[in-house]
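Below you'll find the structure, written out as structure tokens, and then a few comments.
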Amino acid sequence: MRILATGRSRNSQTGDVPTVTIGRTKQEMRASCAHSGCDLFVASMKARTDKAWAKANAAGSIRCYAWDGTPNMAAQSKAKKHARGGDTSLRKALDDRLWSSRMVRVSDLGDISWLTEDEACELLDTIEGEGLTPIGYTHGWKRSPWLKGRVMASVSDADEFIHAWVRGWGCTVILPADHDEPTFTIRGVTGTVCPTKLGEPIDCNSCLKCDGTGLIGFPRHDHYGRSVAKGVK
């Protein structure tokens with residue numbers, strides 16, 4: 001299976017849970033995100049090669065938190081371990097998990113829609129077979145109907161949301177960085193804001209709301225979004 005996995009995590013938001021990376025090398029991870037059609041990934045890659053564009057579009061272009069933040073570093077650490085011959089299999093990660101784990105993060109980097117249907121279903125079936133909940137997101141939901149109800153569709157705007165919602169997908173959306181209410185509404189549908197992003201003392205392992213159903217919103221949390229939320233100009 002074209003993934004990397006680890007049984008433990010230092011991520012305080014998710015909790016100390018098993019975490020999967022889609023792709024075994026940086027090239028495969030990037031290929032998976034490109035395959036999904038994720039505009040956040042495209043913006044992050046463009047910002048790396050065009051500094052003038054990055055500066056001019058800091059406020060308007062939302063970029064990928066994973067590729068621009070600590071998830072990237074964690075994923076590359078797993079890739080290095082794999083290259084050295086270390087065991088980065090899902091089975092090893094599940095065996096090494098804490099007894100308190102209720103979920104598996106799918107994924108810290110890479111998009112699950114890049115996997116074949118057999119690979120993706122084997123991954124999710126194995127996790128669920130352990131009594132755990134897969135918590136994941138995909139920008140490639142249009143091309144991967146077998147993921148519906150199992151991971152969340154990441155949508156870019158209200159039109160894409162409705163397109164996914166009426167087809168039965170659970171959805172996640174990006175909200176303004178300064179959104180501080182527990183709920184929001186898109187096209188008449190009321191969603192819940194990620195409680196961790198509102199500062200509530202809870203992690204993903206306790207919450208489990210992103211289980212492939214419902215509508216969840218995340219206040220913008222790329223570098224620019226975090227600065228806005230903190231009042232930094």
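As shown in the structure tokens, the chain order sets the letters A, B, ...; within each chain, residues go from 1, and ligands are also counted from 1 in the order they appear.
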With only C-alpha atoms as the counted atoms, please give the residues lying no more than 10 Å from range 198-213 of chain A, apart from itself and same-chain residues fewer than 2 positions off, as a VMD selection string.
chain A and resid 11 to 17 100 to 105 133 to 137 147 to 153 165 168 to 172 178 to 182 192 to 196 215 to 216 218 to 219
Could you give me the residues within range 3-230 of chain A that DSSP places in strand (DSSP E), as a ChimeraX atom specification?
/A:3-6,19-22,103-106,133-138,152-154,171-175,183-186,189-193,215-219
Could those residues be written to a file, using N, CA and C atoms, as a compact mmCIF listing (two decimals), in the first residue's frame?
# COMPACT_ATOMS: atom_id res chain seq x y z
N ILE A 3 1.43 4.07 1.33
CA ILE A 3 1.25 4.97 2.46
C ILE A 3 2.41 4.82 3.44
N LEU A 4 2.50 5.74 4.37
CA LEU A 4 3.38 5.64 5.52
C LEU A 4 2.52 5.83 6.76
N ALA A 5 2.87 5.17 7.84
CA ALA A 5 2.05 5.30 9.05
C ALA A 5 2.93 5.28 10.29
N THR A 6 2.44 5.93 11.33
CA THR A 6 3.09 5.89 12.62
C THR A 6 2.03 5.76 13.70
N THR A 19 -1.24 7.98 12.72
CA THR A 19 -1.34 8.96 11.63
C THR A 19 -0.80 8.36 10.35
N VAL A 20 -1.56 8.55 9.27
CA VAL A 20 -1.20 8.03 7.96
C VAL A 20 -0.78 9.17 7.05
N THR A 21 0.24 8.93 6.23
CA THR A 21 0.64 9.82 5.15
C THR A 21 0.35 9.12 3.83
N ILE A 22 -0.23 9.83 2.87
CA ILE A 22 -0.50 9.26 1.56
C ILE A 22 0.72 9.51 0.67
N MET A 103 -9.26 6.95 16.99
CA MET A 103 -9.27 7.34 15.59
C MET A 103 -7.90 7.13 14.96
N VAL A 104 -7.86 7.22 13.63
CA VAL A 104 -6.62 7.28 12.88
C VAL A 104 -6.72 8.48 11.94
N ARG A 105 -5.72 9.31 11.94
CA ARG A 105 -5.70 10.48 11.08
C ARG A 105 -5.30 10.09 9.66
N VAL A 106 -6.17 10.40 8.70
CA VAL A 106 -5.93 10.04 7.29
C VAL A 106 -6.18 11.28 6.43
N THR A 133 -12.03 5.04 14.26
CA THR A 133 -12.68 5.89 13.27
C THR A 133 -11.64 6.55 12.38
N PRO A 134 -11.73 6.39 11.06
CA PRO A 134 -10.84 7.15 10.18
C PRO A 134 -11.30 8.60 10.15
N ILE A 135 -10.40 9.51 10.42
CA ILE A 135 -10.71 10.94 10.33
C ILE A 135 -9.87 11.50 9.19
N GLY A 136 -10.53 11.82 8.08
CA GLY A 136 -9.77 12.26 6.92
C GLY A 136 -10.55 13.19 6.01
N TYR A 137 -9.85 13.73 5.02
CA TYR A 137 -10.41 14.74 4.12
C TYR A 137 -9.85 14.50 2.73
N THR A 138 -10.65 14.81 1.71
CA THR A 138 -10.16 14.70 0.34
C THR A 138 -10.68 15.84 -0.52
N MET A 152 -14.22 13.17 4.74
CA MET A 152 -14.92 14.40 4.42
C MET A 152 -14.48 14.95 3.07
N ALA A 153 -15.43 15.52 2.34
CA ALA A 153 -15.09 16.23 1.10
C ALA A 153 -14.66 17.65 1.47
N SER A 154 -13.45 18.02 1.09
CA SER A 154 -12.97 19.39 1.30
C SER A 154 -13.43 20.23 0.12
N CYS A 171 -19.01 17.38 4.47
CA CYS A 171 -18.14 18.42 3.90
C CYS A 171 -17.42 19.24 4.96
N THR A 172 -16.23 19.71 4.58
CA THR A 172 -15.52 20.69 5.38
C THR A 172 -15.26 21.91 4.52
N VAL A 173 -15.34 23.09 5.15
CA VAL A 173 -15.13 24.34 4.45
C VAL A 173 -14.20 25.23 5.26
N ILE A 174 -13.59 26.19 4.59
CA ILE A 174 -12.74 27.16 5.25
C ILE A 174 -13.57 28.41 5.53
N LEU A 175 -13.50 28.87 6.77
CA LEU A 175 -14.22 30.06 7.20
C LEU A 175 -13.24 31.23 7.36
N THR A 183 -21.28 27.98 15.22
CA THR A 183 -21.97 27.47 14.05
C THR A 183 -21.86 28.47 12.90
N PHE A 184 -22.26 28.03 11.71
CA PHE A 184 -22.28 28.88 10.52
C PHE A 184 -23.30 28.27 9.56
N THR A 185 -23.69 29.02 8.54
CA THR A 185 -24.69 28.54 7.60
C THR A 185 -24.24 28.78 6.17
N ILE A 186 -24.37 27.75 5.33
CA ILE A 186 -24.09 27.86 3.90
C ILE A 186 -25.31 27.33 3.14
N VAL A 189 -27.83 25.43 5.03
CA VAL A 189 -27.37 24.28 5.82
C VAL A 189 -26.49 24.80 6.96
N THR A 190 -26.81 24.40 8.18
CA THR A 190 -26.05 24.84 9.35
C THR A 190 -24.93 23.85 9.66
N GLY A 191 -23.73 24.38 9.83
CA GLY A 191 -22.58 23.54 10.14
C GLY A 191 -22.00 23.87 11.50
N THR A 192 -21.10 23.03 11.95
CA THR A 192 -20.43 23.20 13.23
C THR A 192 -18.98 23.60 13.00
N VAL A 193 -18.51 24.56 13.78
CA VAL A 193 -17.11 24.97 13.70
C VAL A 193 -16.26 24.03 14.54
N LEU A 215 -21.45 18.81 8.28
CA LEU A 215 -20.77 19.98 7.74
C LEU A 215 -19.93 20.60 8.84
N ILE A 216 -18.62 20.67 8.61
CA ILE A 216 -17.68 21.20 9.60
C ILE A 216 -16.91 22.36 8.99
N GLY A 217 -16.75 23.42 9.75
CA GLY A 217 -16.00 24.58 9.29
C GLY A 217 -14.72 24.80 10.08
N PHE A 218 -13.67 25.20 9.38
CA PHE A 218 -12.38 25.51 10.00
C PHE A 218 -12.02 26.96 9.70
N PRO A 219 -11.95 27.82 10.72
CA PRO A 219 -11.44 29.17 10.45
C PRO A 219 -10.07 29.08 9.80
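Distances here use only C-alpha atoms; by that measure, the residue among A:Lys26, A:Lys55, A:Ser144, A:Ser44 closest to Ala75 in chain A is A:Lys26.
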Excluding range 33-39 of chain A and any residue of its chain fewer than 6 positions from it, enumerate the residues within 7 Å of it, using only C-alpha atoms, and give them as number ranges by chain.
A: 110-111, 113-114, 139-140
